[in-house]
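Peer 1: File name entry05.tsv; file contents TSV, C-alpha atoms; full text below.
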```tsv
chain	number	residue	atom	x	y	z
B	293	HIS	CA	16.61	-10.75	5.27
B	294	VAL	CA	13.40	-9.36	3.79
B	295	GLN	CA	12.22	-6.00	4.99
B	296	LEU	CA	9.34	-3.76	3.95
B	297	VAL	CA	9.23	-0.33	5.52
B	298	GLU	CA	6.17	1.87	5.15
B	299	SER	CA	6.16	5.61	5.67
B	300	GLY	CA	4.04	8.64	4.93
B	301	GLY	CA	1.12	8.07	7.22
B	302	GLY	CA	-0.27	10.78	9.44
B	303	SER	CA	-3.33	12.76	10.39
B	304	VAL	CA	-5.22	14.85	7.86
B	305	GLN	CA	-8.56	16.54	7.56
B	306	PRO	CA	-11.25	15.17	5.25
B	307	GLY	CA	-10.46	16.08	1.68
B	308	GLY	CA	-6.75	16.07	2.32
B	309	SER	CA	-4.00	13.99	0.74
B	310	LEU	CA	-1.21	11.70	1.81
B	311	ARG	CA	1.35	9.68	-0.06
B	312	LEU	CA	2.41	6.38	1.43
B	313	SER	CA	5.70	4.76	0.53
B	314	CYS	CA	6.94	1.24	1.02
B	315	THR	CA	10.60	0.50	0.46
B	316	ALA	CA	11.73	-3.07	0.16
B	317	SER	CA	14.98	-4.90	0.67
B	318	GLY	CA	15.96	-8.52	0.40
B	319	ILE	CA	13.57	-9.34	-2.45
B	320	MET	CA	13.64	-9.30	-6.23
B	321	PHE	CA	11.42	-6.25	-6.17
B	322	SER	CA	10.87	-5.94	-9.90
B	323	ARG	CA	9.52	-9.48	-9.98
B	324	CYS	CA	7.10	-8.97	-7.10
B	325	GLY	CA	3.50	-7.94	-7.11
B	326	MET	CA	3.04	-5.15	-4.59
B	327	SER	CA	-0.12	-4.23	-2.79
B	328	TRP	CA	-1.57	-2.12	-0.01
B	329	TYR	CA	-3.99	-3.37	2.60
B	330	ARG	CA	-5.59	-1.57	5.49
B	331	LEU	CA	-6.91	-2.53	8.88
B	332	PRO	CA	-9.49	-0.18	10.33
B	333	LEU	CA	-9.85	-0.31	14.11
B	334	GLY	CA	-12.25	-3.09	15.06
B	335	LYS	CA	-12.66	-4.33	11.52
B	336	MET	CA	-11.10	-6.87	9.21
B	337	ARG	CA	-8.12	-6.24	7.02
B	338	GLU	CA	-9.08	-5.28	3.48
B	339	PHE	CA	-7.32	-5.01	0.15
B	340	VAL	CA	-6.87	-1.44	-1.03
B	341	SER	CA	-4.77	-1.54	-4.17
B	342	GLY	CA	-2.23	-3.63	-6.01
B	343	ILE	CA	0.28	-3.30	-8.82
B	344	GLY	CA	1.78	-6.16	-10.71
B	345	SER	CA	5.35	-6.62	-11.80
B	346	ILE	CA	4.50	-5.28	-15.24
B	347	GLY	CA	2.39	-2.42	-13.95
B	348	TYR	CA	-1.16	-3.72	-13.99
B	349	THR	CA	-3.13	-2.00	-11.24
B	350	GLU	CA	-6.30	-2.70	-9.34
B	351	TYR	CA	-8.26	-0.94	-6.64
B	352	THR	CA	-11.03	-1.69	-4.27
B	353	ASP	CA	-14.20	0.14	-5.28
B	354	SER	CA	-14.21	2.54	-2.35
B	355	VAL	CA	-10.90	4.14	-3.39
B	356	LYS	CA	-11.23	4.19	-7.17
B	357	GLY	CA	-10.70	7.66	-8.53
B	358	ARG	CA	-9.11	8.84	-5.28
B	359	PHE	CA	-6.07	6.61	-4.75
B	360	THR	CA	-3.26	5.87	-7.19
B	361	ILE	CA	-0.69	3.14	-6.80
B	362	SER	CA	2.68	3.28	-8.53
B	363	ARG	CA	6.08	1.70	-8.28
B	364	ASP	CA	9.71	2.63	-8.85
B	365	ASN	CA	11.69	-0.54	-9.39
B	366	ALA	CA	15.02	1.29	-9.29
B	367	LYS	CA	14.19	2.52	-5.78
B	368	LYS	CA	12.44	-0.71	-4.79
B	369	THR	CA	9.56	1.40	-3.64
B	370	VAL	CA	5.81	1.29	-4.10
B	371	TYR	CA	3.65	4.34	-3.50
B	372	LEU	CA	0.04	4.98	-2.70
B	373	GLN	CA	-1.13	8.48	-3.45
B	374	MET	CA	-4.31	9.11	-1.50
B	375	ASN	CA	-6.44	12.11	-2.39
B	376	SER	CA	-9.86	13.27	-1.22
B	377	LEU	CA	-9.42	11.35	1.98
B	378	LYS	CA	-12.48	10.45	4.00
B	379	PRO	CA	-12.88	9.52	7.66
B	380	GLU	CA	-13.63	5.96	6.58
B	381	ASP	CA	-10.11	5.74	5.14
B	382	THR	CA	-8.76	5.83	8.68
B	383	ALA	CA	-6.78	2.67	9.25
B	384	MET	CA	-3.37	1.12	9.62
B	385	TYR	CA	-2.01	0.68	6.12
B	386	TYR	CA	0.23	-2.27	5.31
B	387	CYS	CA	2.44	-3.00	2.36
B	388	LYS	CA	2.58	-6.53	0.99
B	389	ALA	CA	5.03	-8.05	-1.45
B	390	SER	CA	4.06	-11.18	-3.33
B	391	CYS	CA	7.30	-12.68	-4.55
B	392	PRO	CA	7.19	-16.22	-5.89
B	393	ARG	CA	10.92	-16.16	-6.58
B	394	ASN	CA	11.64	-15.20	-2.97
B	395	GLY	CA	9.37	-17.82	-1.52
B	396	GLY	CA	6.07	-16.14	-0.84
B	397	ASP	CA	4.42	-13.10	0.68
B	398	PHE	CA	5.98	-10.53	2.93
B	399	TRP	CA	4.43	-7.75	5.00
B	400	GLY	CA	5.54	-4.46	6.42
B	401	LYS	CA	4.72	-3.27	9.93
B	402	GLY	CA	2.27	-0.63	8.81
B	403	THR	CA	1.75	3.10	8.91
B	404	GLN	CA	-1.24	4.79	10.50
B	405	VAL	CA	-3.55	7.04	8.51
B	406	THR	CA	-6.10	9.10	10.41
B	407	VAL	CA	-8.67	11.29	8.68
B	408	SER	CA	-10.69	13.50	11.00
```
As structure tokens - that is how I would like this structure written.

Peer 2:
Amino acid sequence: HVQLVESGGGSVQPGGSLRLSCTASGIMFSRCGMSWYRLPLGKMREFVSGIGSIGYTEYTDSVKGRFTISRDNAKKTVYLQMNSLKPEDTAMYYCKASCPRNGGDFWGKGTQVTVS
């Protein structure tokens, strides 16, 4: 049974910071690419950041220099450190695991981030 559980969301003022966590079970975590997506209210889901199984990272332009993705394979956890938060970062944030050896992509249920 695959499970991804996000945590760390909340409400912060502009300029504040949050660290999101996503802990996985039921997958070969170290072999999975992990990523964060977000869904702003009334808008489409968008890619935020990803980290490959060997540590390669990528970010959407709007978060470069402010967000940092990392992973701890021993804890089966991926993190998203979010600094200098802006109101436009407000969204539900979802963790995604891309695991070819486990049969595909898996999603968490999300954690809400509100910046106001």

Peer 1: With 3 Å of padding per side, what axis-aligned box (centre and edge lengths, Å, one decimal) covers all the listed atoms of stretch 323-337 of chain B? Give it as lines of an AutoDock Vina configuration file.

Peer 2:
```
center_x = -1.6
center_y = -4.8
center_z = 2.5
size_x = 28.2
size_y = 15.3
size_z = 31.0
```

Peer 1: Rounded to one decimal place, report the atom CA of B:Pro332-atom CA of B:Ser345 distance in Å.

Peer 2: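 Computing the Euclidean distance for atom CA of B:Pro332 and atom CA of B:Ser345 yields 27.4 Å.
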
Peer 1: What gap, in Å, lies between atom CA of B:Val340 and atom CA of B:Thr352?

Peer 2: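 Between atom CA of B:Val340 and atom CA of B:Thr352 the gap is 5.3 Å.
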
Peer 1: Between B:Lys367, B:Arg323, B:Lys335, B:Arg330, which has the minimum distance to B:Asp381 (counting only C-alpha atoms)?

Peer 2: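 Closest residue, counting only C-alpha atoms: B:Arg330.
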
Peer 1: Ranking B:Val355, B:Met326, B:Val407, B:Val304 by minimum distance to B:Cys387 and counting all atoms listed in the file, which one comes first?

Peer 2: B:Met326

Peer 1: What is the distance, in Å and to one decimal place, between atom CA of B:Lys401 and atom CA of B:Leu296?

Peer 2: 7.6 Å

Peer 1: Counting all atoms listed in the file, figure out which residue out of B:Leu331, B:Val405, B:Ala389, B:Met336 gets nearest to B:Ser317.

Peer 2: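 So, comparing all the options, the nearest one is B:Ala389.
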
Peer 1: Between B:Leu333, B:Glu350, B:His293, B:Tyr386, which residue has the minimum interatomic distance to B:Gly400, considering all atoms listed in the file?

Peer 2: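 The closest residue to B:Gly400 is B:Tyr386.
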
Peer 1: Write out as a VMD selection string each polymer residue whose atoms come within 8 Å of stretch 308-316 of chain B, counting all atoms listed in the file; drop sequence neighbours fewer than 6 positions from it.

Peer 2: chain B and resid 294 to 302 367 to 377 387 400

Peer 1: Choose the residue, out of B:Cys324, B:Cys391, B:Met384, B:Ile361, that has the smallest atom-to-atom separation from B:Glu338; count only C-alpha atoms.

Peer 2: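 Nearest to B:Glu338: B:Met384.
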
Peer 1: Just checking: using all atoms listed in the file, which residue out of B:Met320, B:Pro379, B:Ser390, B:Ser327 ends up closest to B:Thr360?

Peer 2: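 For B:Thr360, the nearest of the given residues is B:Ser327.
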